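Below is input23.pdb, which holds PDB, C-alpha atoms and all ligand atoms.
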ATOM      1  CA  MET A 391     -21.917 -77.453  17.075  1.00  0.00           C
ATOM      2  CA  THR A 392     -18.530 -77.988  18.625  1.00  0.00           C
ATOM      3  CA  GLY A 393     -17.932 -77.651  22.338  1.00  0.00           C
ATOM      4  CA  SER A 394     -16.295 -74.310  21.763  1.00  0.00           C
ATOM      5  CA  ALA A 395     -19.465 -72.915  20.229  1.00  0.00           C
ATOM      6  CA  VAL A 396     -20.636 -71.414  23.496  1.00  0.00           C
ATOM      7  CA  ALA A 397     -18.852 -68.515  25.137  1.00  0.00           C
ATOM      8  CA  LYS A 398     -17.332 -69.217  28.530  1.00  0.00           C
ATOM      9  CA  PHE A 399     -18.418 -65.780  29.729  1.00  0.00           C
ATOM     10  CA  PRO A 400     -21.698 -63.905  29.482  1.00  0.00           C
ATOM     11  CA  LEU A 401     -22.647 -62.472  26.104  1.00  0.00           C
ATOM     12  CA  ASN A 402     -25.170 -59.685  25.952  1.00  0.00           C
ATOM     13  CA  LEU A 403     -27.163 -59.787  22.756  1.00  0.00           C
ATOM     14  CA  THR A 404     -29.102 -56.629  23.475  1.00  0.00           C
ATOM     15  CA  SER A 405     -28.095 -53.557  21.513  1.00  0.00           C
ATOM     16  CA  VAL A 406     -26.977 -50.406  23.326  1.00  0.00           C
ATOM     17  CA  ASN A 407     -28.271 -47.060  22.138  1.00  0.00           C
ATOM     18  CA  ILE A 408     -25.146 -45.789  20.412  1.00  0.00           C
ATOM     19  CA  SER A 409     -26.088 -42.126  20.797  1.00  0.00           C
ATOM     20  CA  GLN A 410     -26.237 -42.453  24.577  1.00  0.00           C
ATOM     21  CA  GLU A 411     -23.135 -41.427  26.549  1.00  0.00           C
ATOM     22  CA  ASN A 412     -21.386 -42.990  29.549  1.00  0.00           C
ATOM     23  CA  ILE A 413     -22.733 -46.483  29.070  1.00  0.00           C
ATOM     24  CA  PHE A 414     -19.517 -48.178  30.069  1.00  0.00           C
ATOM     25  CA  PRO A 415     -17.866 -46.806  33.203  1.00  0.00           C
ATOM     26  CA  GLY A 416     -14.198 -46.169  32.479  1.00  0.00           C
ATOM     27  CA  VAL A 417     -14.558 -45.648  28.723  1.00  0.00           C
ATOM     28  CA  LEU A 418     -13.579 -42.070  27.954  1.00  0.00           C
ATOM     29  CA  LYS A 419     -14.746 -39.789  25.191  1.00  0.00           C
ATOM     30  CA  GLY A 420     -13.938 -41.154  21.755  1.00  0.00           C
ATOM     31  CA  GLY A 421     -14.145 -44.800  22.823  1.00  0.00           C
ATOM     32  CA  PHE A 422     -10.808 -44.688  24.641  1.00  0.00           C
ATOM     33  CA  TYR A 423     -10.066 -46.939  27.604  1.00  0.00           C
ATOM     34  CA  HIS A 424      -7.071 -47.605  29.791  1.00  0.00           C
ATOM     35  CA  PRO A 425      -7.081 -49.852  32.849  1.00  0.00           C
ATOM     36  CA  PRO A 426      -7.033 -48.033  36.184  1.00  0.00           C
ATOM     37  CA  THR A 427      -4.561 -50.374  37.850  1.00  0.00           C
ATOM     38  CA  CYS A 428      -1.727 -50.773  35.359  1.00  0.00           C
ATOM     39  CA  ARG A 429       0.018 -49.038  32.503  1.00  0.00           C
ATOM     40  CA  ASN A 430       0.237 -50.759  29.145  1.00  0.00           C
ATOM     41  CA  ARG A 431       3.288 -50.871  26.999  1.00  0.00           C
ATOM     42  CA  PHE A 432       1.173 -50.797  23.854  1.00  0.00           C
ATOM     43  CA  ARG A 433      -1.936 -48.931  22.806  1.00  0.00           C
ATOM     44  CA  VAL A 434      -4.259 -50.766  20.423  1.00  0.00           C
ATOM     45  CA  GLY A 435      -6.401 -49.019  17.816  1.00  0.00           C
ATOM     46  CA  ILE A 436      -9.538 -50.836  16.685  1.00  0.00           C
ATOM     47  CA  ILE A 437     -11.136 -49.880  13.387  1.00  0.00           C
ATOM     48  CA  VAL A 438     -14.708 -50.969  12.664  1.00  0.00           C
ATOM     49  CA  PRO A 439     -16.220 -50.424   9.185  1.00  0.00           C
ATOM     50  CA  TYR A 440     -19.818 -49.316   9.340  1.00  0.00           C
ATOM     51  CA  ARG A 441     -22.926 -48.411   7.396  1.00  0.00           C
ATOM     52  CA  ASN A 442     -26.549 -48.823   8.294  1.00  0.00           C
ATOM     53  CA  ARG A 443     -26.268 -51.650  10.839  1.00  0.00           C
ATOM     54  CA  GLU A 444     -27.150 -49.810  14.001  1.00  0.00           C
ATOM     55  CA  GLN A 445     -28.587 -52.828  15.800  1.00  0.00           C
ATOM     56  CA  ASN A 446     -25.442 -54.894  15.227  1.00  0.00           C
ATOM     57  CA  LEU A 447     -23.177 -51.990  16.135  1.00  0.00           C
ATOM     58  CA  GLY A 448     -24.962 -51.670  19.487  1.00  0.00           C
ATOM     59  CA  ILE A 449     -24.569 -55.385  20.168  1.00  0.00           C
ATOM     60  CA  PHE A 450     -20.918 -55.283  19.134  1.00  0.00           C
ATOM     61  CA  LEU A 451     -20.076 -52.398  21.452  1.00  0.00           C
ATOM     62  CA  ASN A 452     -22.047 -53.953  24.276  1.00  0.00           C
ATOM     63  CA  ASN A 453     -19.802 -57.004  24.161  1.00  0.00           C
ATOM     64  CA  ILE A 454     -16.435 -55.812  22.932  1.00  0.00           C
ATOM     65  CA  HIS A 455     -15.898 -53.150  25.607  1.00  0.00           C
ATOM     66  CA  PRO A 456     -16.333 -55.554  28.564  1.00  0.00           C
ATOM     67  CA  PHE A 457     -14.242 -58.165  26.701  1.00  0.00           C
ATOM     68  CA  LEU A 458     -11.348 -55.765  26.086  1.00  0.00           C
ATOM     69  CA  MET A 459     -11.529 -54.345  29.614  1.00  0.00           C
ATOM     70  CA  ARG A 460     -11.154 -57.838  31.057  1.00  0.00           C
ATOM     71  CA  GLN A 461      -7.903 -58.141  29.075  1.00  0.00           C
ATOM     72  CA  LYS A 462      -6.676 -54.925  30.734  1.00  0.00           C
ATOM     73  CA  LEU A 463      -5.855 -53.377  27.393  1.00  0.00           C
ATOM     74  CA  GLU A 464      -5.360 -49.745  26.535  1.00  0.00           C
ATOM     75  CA  TYR A 465      -7.430 -49.268  23.408  1.00  0.00           C
ATOM     76  CA  GLN A 466      -9.541 -46.905  21.363  1.00  0.00           C
ATOM     77  CA  ILE A 467     -12.379 -47.964  19.063  1.00  0.00           C
ATOM     78  CA  PHE A 468     -12.997 -46.054  15.833  1.00  0.00           C
ATOM     79  CA  VAL A 469     -16.255 -46.706  13.986  1.00  0.00           C
ATOM     80  CA  ILE A 470     -15.732 -45.540  10.419  1.00  0.00           C
ATOM     81  CA  GLU A 471     -18.977 -44.888   8.582  1.00  0.00           C
ATOM     82  CA  GLN A 472     -19.385 -44.852   4.813  1.00  0.00           C
ATOM     83  CA  ASN A 473     -21.560 -42.023   3.574  1.00  0.00           C
ATOM     84  CA  GLY A 474     -24.124 -42.355   0.760  1.00  0.00           C
ATOM     85  CA  ASN A 475     -25.570 -45.354  -1.016  1.00  0.00           C
ATOM     86  CA  GLY A 476     -22.684 -46.301  -3.282  1.00  0.00           C
ATOM     87  CA  PRO A 477     -21.157 -49.783  -3.120  1.00  0.00           C
ATOM     88  CA  PHE A 478     -19.554 -50.490   0.230  1.00  0.00           C
ATOM     89  CA  ASN A 479     -15.760 -50.256   0.183  1.00  0.00           C
ATOM     90  CA  LYS A 480     -14.235 -51.734   3.301  1.00  0.00           C
ATOM     91  CA  GLY A 481     -10.624 -51.265   2.189  1.00  0.00           C
ATOM     92  CA  ARG A 482     -11.151 -47.543   1.753  1.00  0.00           C
ATOM     93  CA  LEU A 483     -12.876 -47.283   5.119  1.00  0.00           C
ATOM     94  CA  PHE A 484      -9.979 -49.089   6.772  1.00  0.00           C
ATOM     95  CA  ASN A 485      -7.409 -46.813   5.141  1.00  0.00           C
ATOM     96  CA  ALA A 486      -9.350 -43.648   5.953  1.00  0.00           C
ATOM     97  CA  GLY A 487      -9.912 -44.897   9.499  1.00  0.00           C
ATOM     98  CA  TYR A 488      -6.211 -45.540   9.905  1.00  0.00           C
ATOM     99  CA  LYS A 489      -5.327 -42.027   8.731  1.00  0.00           C
ATOM    100  CA  GLU A 490      -7.803 -40.492  11.157  1.00  0.00           C
ATOM    101  CA  MET A 491      -6.784 -42.746  14.007  1.00  0.00           C
ATOM    102  CA  ILE A 492      -3.135 -41.711  13.957  1.00  0.00           C
ATOM    103  CA  LYS A 493      -4.198 -38.092  14.478  1.00  0.00           C
ATOM    104  CA  PHE A 494      -5.729 -39.021  17.836  1.00  0.00           C
ATOM    105  CA  ASN A 495      -2.864 -40.775  19.530  1.00  0.00           C
ATOM    106  CA  LYS A 496       0.227 -42.902  19.132  1.00  0.00           C
ATOM    107  CA  PHE A 497      -0.741 -46.515  18.539  1.00  0.00           C
ATOM    108  CA  PHE A 498       1.481 -49.541  18.337  1.00  0.00           C
ATOM    109  CA  CYS A 499      -0.897 -51.783  16.439  1.00  0.00           C
ATOM    110  CA  VAL A 500      -4.266 -51.831  14.758  1.00  0.00           C
ATOM    111  CA  ILE A 501      -7.114 -54.338  14.672  1.00  0.00           C
ATOM    112  CA  PHE A 502      -9.541 -54.273  11.745  1.00  0.00           C
ATOM    113  CA  HIS A 503     -12.806 -55.663  13.052  1.00  0.00           C
ATOM    114  CA  ASP A 504     -16.089 -56.489  11.313  1.00  0.00           C
ATOM    115  CA  LEU A 505     -18.874 -55.462  13.645  1.00  0.00           C
ATOM    116  CA  ASP A 506     -20.884 -58.637  13.161  1.00  0.00           C
ATOM    117  CA  LEU A 507     -18.250 -60.826  14.835  1.00  0.00           C
ATOM    118  CA  LEU A 508     -18.108 -61.355  18.596  1.00  0.00           C
ATOM    119  CA  PRO A 509     -15.156 -63.178  20.182  1.00  0.00           C
ATOM    120  CA  LEU A 510     -16.254 -66.254  22.113  1.00  0.00           C
ATOM    121  CA  ASP A 511     -13.005 -67.251  23.773  1.00  0.00           C
ATOM    122  CA  GLU A 512     -11.064 -65.169  26.269  1.00  0.00           C
ATOM    123  CA  ASN A 513      -7.832 -66.650  24.919  1.00  0.00           C
ATOM    124  CA  ILE A 514      -8.256 -64.529  21.794  1.00  0.00           C
ATOM    125  CA  MET A 515      -5.766 -61.839  22.693  1.00  0.00           C
ATOM    126  CA  TYR A 516      -6.455 -58.360  21.424  1.00  0.00           C
ATOM    127  CA  ASN A 517      -2.925 -57.264  22.292  1.00  0.00           C
ATOM    128  CA  CYS A 518      -0.351 -56.306  19.679  1.00  0.00           C
ATOM    129  CA  PRO A 519       0.884 -59.236  17.590  1.00  0.00           C
ATOM    130  CA  THR A 520       4.458 -59.941  16.525  1.00  0.00           C
ATOM    131  CA  LEU A 521       3.370 -61.046  13.052  1.00  0.00           C
ATOM    132  CA  PRO A 522       0.094 -60.069  11.355  1.00  0.00           C
ATOM    133  CA  ARG A 523      -2.612 -62.140  13.038  1.00  0.00           C
ATOM    134  CA  HIS A 524      -5.820 -63.552  11.595  1.00  0.00           C
ATOM    135  CA  MET A 525      -7.975 -63.776  14.677  1.00  0.00           C
ATOM    136  CA  CYS A 526     -11.313 -65.205  13.586  1.00  0.00           C
ATOM    137  CA  ALA A 527     -10.227 -68.674  12.558  1.00  0.00           C
ATOM    138  CA  HIS A 528     -13.620 -70.241  13.187  1.00  0.00           C
ATOM    139  CA  VAL A 529     -17.120 -68.779  13.213  1.00  0.00           C
ATOM    140  CA  ASN A 530     -20.419 -69.914  14.680  1.00  0.00           C
ATOM    141  CA  ASP A 531     -23.137 -68.750  12.386  1.00  0.00           C
ATOM    142  CA  THR A 532     -26.541 -68.170  13.925  1.00  0.00           C
ATOM    143  CA  ASP A 533     -28.043 -66.958  10.671  1.00  0.00           C
ATOM    144  CA  ILE A 534     -31.767 -67.114  11.319  1.00  0.00           C
ATOM    145  CA  ARG A 535     -32.649 -67.301   7.628  1.00  0.00           C
ATOM    146  CA  ARG A 536     -30.987 -70.681   7.455  1.00  0.00           C
ATOM    147  CA  LYS A 537     -32.748 -71.677  10.661  1.00  0.00           C
ATOM    148  CA  PHE A 538     -29.898 -73.629  12.202  1.00  0.00           C
ATOM    149  CA  ASN A 539     -26.506 -73.104  13.699  1.00  0.00           C
ATOM    150  CA  ILE A 540     -23.478 -74.014  11.678  1.00  0.00           C
ATOM    151  CA  THR A 541     -19.819 -73.674  12.443  1.00  0.00           C
ATOM    152  CA  TYR A 542     -17.126 -73.396   9.823  1.00  0.00           C
ATOM    153  CA  SER A 543     -13.586 -72.256   9.395  1.00  0.00           C
ATOM    154  CA  TYR A 544     -13.482 -68.650   8.333  1.00  0.00           C
ATOM    155  CA  LYS A 545     -13.714 -68.503   4.556  1.00  0.00           C
ATOM    156  CA  SER A 546     -11.078 -65.890   3.979  1.00  0.00           C
ATOM    157  CA  LEU A 547      -7.320 -66.011   4.322  1.00  0.00           C
ATOM    158  CA  PHE A 548      -7.204 -62.788   6.283  1.00  0.00           C
ATOM    159  CA  GLY A 549     -10.625 -61.290   6.935  1.00  0.00           C
ATOM    160  CA  GLY A 550     -13.194 -60.633   9.628  1.00  0.00           C
ATOM    161  CA  VAL A 551     -10.877 -59.735  12.480  1.00  0.00           C
ATOM    162  CA  VAL A 552      -7.168 -59.131  11.839  1.00  0.00           C
ATOM    163  CA  SER A 553      -4.411 -57.357  13.711  1.00  0.00           C
ATOM    164  CA  MET A 554      -1.008 -56.036  12.745  1.00  0.00           C
ATOM    165  CA  THR A 555       1.538 -53.500  13.897  1.00  0.00           C
ATOM    166  CA  MET A 556       1.560 -50.000  12.458  1.00  0.00           C
ATOM    167  CA  GLU A 557       4.852 -50.830  10.766  1.00  0.00           C
ATOM    168  CA  GLN A 558       3.410 -53.930   9.098  1.00  0.00           C
ATOM    169  CA  PHE A 559       0.344 -52.022   7.900  1.00  0.00           C
ATOM    170  CA  GLU A 560       2.462 -49.243   6.456  1.00  0.00           C
ATOM    171  CA  ARG A 561       4.992 -51.549   4.807  1.00  0.00           C
ATOM    172  CA  ALA A 562       2.088 -53.365   3.153  1.00  0.00           C
ATOM    173  CA  ASN A 563       0.919 -49.938   1.976  1.00  0.00           C
ATOM    174  CA  GLY A 564      -2.488 -50.397   3.616  1.00  0.00           C
ATOM    175  CA  PHE A 565      -5.497 -52.050   2.034  1.00  0.00           C
ATOM    176  CA  SER A 566      -6.368 -51.747  -1.623  1.00  0.00           C
ATOM    177  CA  ASN A 567      -8.873 -48.956  -2.313  1.00  0.00           C
ATOM    178  CA  LEU A 568     -10.180 -50.717  -5.374  1.00  0.00           C
ATOM    179  CA  TYR A 569     -12.574 -53.379  -4.078  1.00  0.00           C
ATOM    180  CA  PHE A 570     -16.155 -52.127  -4.178  1.00  0.00           C
ATOM    181  CA  GLY A 571     -19.014 -54.265  -2.938  1.00  0.00           C
ATOM    182  CA  TRP A 572     -18.559 -57.410  -1.005  1.00  0.00           C
ATOM    183  CA  GLY A 573     -15.262 -59.222  -0.841  1.00  0.00           C
ATOM    184  CA  ALA A 574     -11.612 -59.735  -1.605  1.00  0.00           C
ATOM    185  CA  GLU A 575      -9.926 -56.699  -0.027  1.00  0.00           C
ATOM    186  CA  ASP A 576      -8.990 -58.995   2.841  1.00  0.00           C
ATOM    187  CA  ASN A 577      -7.314 -61.615   0.645  1.00  0.00           C
ATOM    188  CA  ASP A 578      -5.554 -58.810  -1.176  1.00  0.00           C
ATOM    189  CA  MET A 579      -4.146 -57.662   2.172  1.00  0.00           C
ATOM    190  CA  PHE A 580      -2.812 -61.151   2.797  1.00  0.00           C
ATOM    191  CA  TRP A 581      -0.758 -60.882  -0.411  1.00  0.00           C
ATOM    192  CA  ARG A 582       0.335 -57.326   0.327  1.00  0.00           C
ATOM    193  CA  LEU A 583       1.728 -58.475   3.660  1.00  0.00           C
ATOM    194  CA  HIS A 584       3.295 -61.457   1.935  1.00  0.00           C
ATOM    195  CA  ALA A 585       4.978 -59.143  -0.589  1.00  0.00           C
ATOM    196  CA  ALA A 586       6.275 -57.011   2.275  1.00  0.00           C
ATOM    197  CA  GLY A 587       7.873 -60.142   3.757  1.00  0.00           C
ATOM    198  CA  TYR A 588       5.373 -60.892   6.523  1.00  0.00           C
ATOM    199  CA  PRO A 589       3.807 -64.309   6.982  1.00  0.00           C
ATOM    200  CA  VAL A 590       0.444 -64.343   8.729  1.00  0.00           C
ATOM    201  CA  VAL A 591      -0.301 -66.272  11.907  1.00  0.00           C
ATOM    202  CA  ARG A 592      -3.745 -67.618  12.720  1.00  0.00           C
ATOM    203  CA  TYR A 593      -5.373 -68.748  15.920  1.00  0.00           C
ATOM    204  CA  GLN A 594      -6.160 -72.435  16.195  1.00  0.00           C
ATOM    205  CA  LYS A 595      -9.714 -73.310  15.243  1.00  0.00           C
ATOM    206  CA  THR A 596     -10.475 -74.183  18.856  1.00  0.00           C
ATOM    207  CA  VAL A 597      -9.310 -70.757  20.088  1.00  0.00           C
ATOM    208  CA  GLY A 598     -10.181 -68.167  17.451  1.00  0.00           C
ATOM    209  CA  VAL A 599     -13.916 -68.779  17.733  1.00  0.00           C
ATOM    210  CA  TYR A 600     -16.398 -66.020  16.920  1.00  0.00           C
ATOM    211  CA  LEU A 601     -20.158 -65.642  16.847  1.00  0.00           C
ATOM    212  CA  VAL A 602     -21.609 -64.117  13.665  1.00  0.00           C
ATOM    213  CA  LEU A 603     -24.523 -61.760  14.239  1.00  0.00           C
ATOM    214  CA  PRO A 604     -27.268 -62.181  11.677  1.00  0.00           C
ATOM    215  CA  HIS A 605     -27.381 -59.651   8.843  1.00  0.00           C
ATOM    216  CA  LYS A 606     -28.365 -59.343   5.222  1.00  0.00           C
ATOM    217  CA  ARG A 607     -25.611 -60.086   2.759  1.00  0.00           C
ATOM    218  CA  GLU A 608     -24.235 -57.357   0.509  1.00  0.00           C
ATOM    219  CA  PRO A 609     -24.364 -58.174  -3.206  1.00  0.00           C
ATOM    220  CA  ALA A 610     -21.058 -59.822  -4.026  1.00  0.00           C
ATOM    221  CA  ASN A 611     -18.733 -57.991  -6.334  1.00  0.00           C
ATOM    222  CA  PRO A 612     -18.826 -60.126  -9.508  1.00  0.00           C
ATOM    223  CA  TYR A 613     -15.181 -59.306 -10.240  1.00  0.00           C
ATOM    224  CA  ARG A 614     -13.810 -60.329  -6.855  1.00  0.00           C
TER     225      ARG A 614
HETATM  226  N1  LIG B   1     -20.662 -53.413   6.820  1.00  0.00           N
HETATM  227  C1  LIG B   1     -21.625 -52.489   7.257  1.00  0.00           C
HETATM  228  N2  LIG B   1     -22.690 -52.213   6.463  1.00  0.00           N
HETATM  229  C2  LIG B   1     -22.880 -52.808   5.265  1.00  0.00           C
HETATM  230  C3  LIG B   1     -21.923 -53.736   4.825  1.00  0.00           C
HETATM  231  C4  LIG B   1     -20.838 -54.020   5.613  1.00  0.00           C
HETATM  232  O1  LIG B   1     -21.493 -51.934   8.351  1.00  0.00           O
HETATM  233  O2  LIG B   1     -23.880 -52.519   4.604  1.00  0.00           O
HETATM  234  C5  LIG B   1     -19.447 -53.663   7.636  1.00  0.00           C
HETATM  235  C6  LIG B   1     -19.730 -54.397   8.924  1.00  0.00           C
HETATM  236  O3  LIG B   1     -18.727 -54.055   9.848  1.00  0.00           O
HETATM  237  C7  LIG B   1     -19.586 -55.832   8.493  1.00  0.00           C
HETATM  238  C8  LIG B   1     -18.386 -55.756   7.544  1.00  0.00           C
HETATM  239  O4  LIG B   1     -18.544 -54.479   6.911  1.00  0.00           O
HETATM  240  O5  LIG B   1     -19.349 -56.703   9.565  1.00  0.00           O
HETATM  241  C9  LIG B   1     -18.317 -56.882   6.533  1.00  0.00           C
HETATM  242  O6  LIG B   1     -19.471 -56.906   5.721  1.00  0.00           O
HETATM  243  P1  LIG B   1     -20.411 -58.184   5.704  1.00  0.00           P
HETATM  244  O7  LIG B   1     -20.643 -58.610   7.103  1.00  0.00           O
HETATM  245  O8  LIG B   1     -21.622 -57.842   4.881  1.00  0.00           O
HETATM  246  O9  LIG B   1     -19.545 -59.237   4.905  1.00  0.00           O
HETATM  247  P2  LIG B   1     -19.280 -60.770   5.247  1.00  0.00           P
HETATM  248  O10 LIG B   1     -17.977 -60.797   5.936  1.00  0.00           O
HETATM  249  O11 LIG B   1     -20.405 -61.247   6.121  1.00  0.00           O
HETATM  250  O12 LIG B   1     -19.248 -61.439   3.942  1.00  0.00           O
HETATM  251 MN    MN B   2     -20.517 -60.450   8.036  1.00  0.00          MN
END
What's the structure tokens form of this structure?
Ligand code: UDP
Ligand code: MN
Amino acid sequence: MTGSAVAKFPLNLTSVNISQENIFPGVLKGGFYHPPTCRNRFRVGIIVPYRNREQNLGIFLNNIHPFLMRQKLEYQIFVIEQNGNGPFNKGRLFNAGYKEMIKFNKFFCVIFHDLDLLPLDENIMYNCPTLPRHMCAHVNDTDIRRKFNITYSYKSLFGGVVSMTMEQFERANGFSNLYFGWGAEDNDMFWRLHAAGYPVVRYQKTVGVYLVLPHKREPANPYR
């Protein structure tokens, strides 16, 4: 493990009961927060794709709210759940989440966030980026099935945790709706942004460090 493998602030790996209300003082109905002592120029929307991972969702929320509050951000978290047992389609969930999100409020940028990734460095800014930003450059995997900790650079060009402005998302025409099962909608987004004229920026490996929560792997889409 590298020195950056351990968070420099307390992580809480217990899972909150997601049906309970008022767990985090200051978070308003709908997962909306704004700092009491300042006004933000930008409001950040955070979209989390979800199905059947209640334990991880509770751990995610238990850590991401305090993390975002410490950055004094104005944000709202949207957990977008896929119904039924069909193949998971993250791109569709992201697009649907985006369409719902803009009905709630005016946002300046959006972060698409896997719920099994916890930021480990407070220098990972969840504010609005100038260019599309790949945030999880490096992950610490605690996968218990493999019985040891490994760290590696994130496998995808533009997956896991990414942020972009509303304008960038719309000019890229959102995610593809066509990737069912595990994989590739994130790389597709990289090329959509590229085609729209936007390069992607990425945190340095020593900064964009995330912890992966253990979970079972979805069957990979053979056509990805
Ligand atoms: N996800 C989920 N339930 C599933 C599959 C995926 O909630 O059955 C969501 C969850 O937010 C997860 C993300 O989709 O973090 C990415 O899926 P997964 O972690 O399986 O893919 P990986 O990035 O690990 O290959
Ligand atoms: Mn994962």
Take the PyMOL selection byres (((chain A and resi 416) around 12) and not hetatm), run it mentally on this structure, and tell me the resulting residues as a list in words. Glu411, Asn412, Ile413, Phe414, Pro415, Val417, Leu418, Lys419, Gly420, Gly421, Phe422, Tyr423, His424, Pro425, Pro426, Thr427, His455, Pro456, Leu458, Met459, Lys462, Glu464 and Tyr465 of chain A
Grab me every residue within 9 Å of ligand LIG 1 (chain B), counting all atoms listed in the file, and send it over as a VMD selection string. chain A and resid 438 to 444 446 to 447 469 to 472 477 to 480 503 to 507 545 to 546 549 to 550 571 to 573 602 to 610
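Closest approach to ligand MN 2 (chain B) among A:Tyr516, A:Tyr488, A:Phe432, A:Tyr600: A:Tyr600, based on all atoms listed in the file.
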Can you work out which one of A:Phe570, A:Phe498, A:Phe457, A:Tyr544 has the shortest atom-to-atom distance to Gln558 of chain A, counting all atoms listed in the file? A:Phe498
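The smallest atom-to-atom distance between His528 of chain A and any of A:Leu601, A:Val406, A:Val552, A:Leu401, using only C-alpha atoms, is found for A:Leu601.
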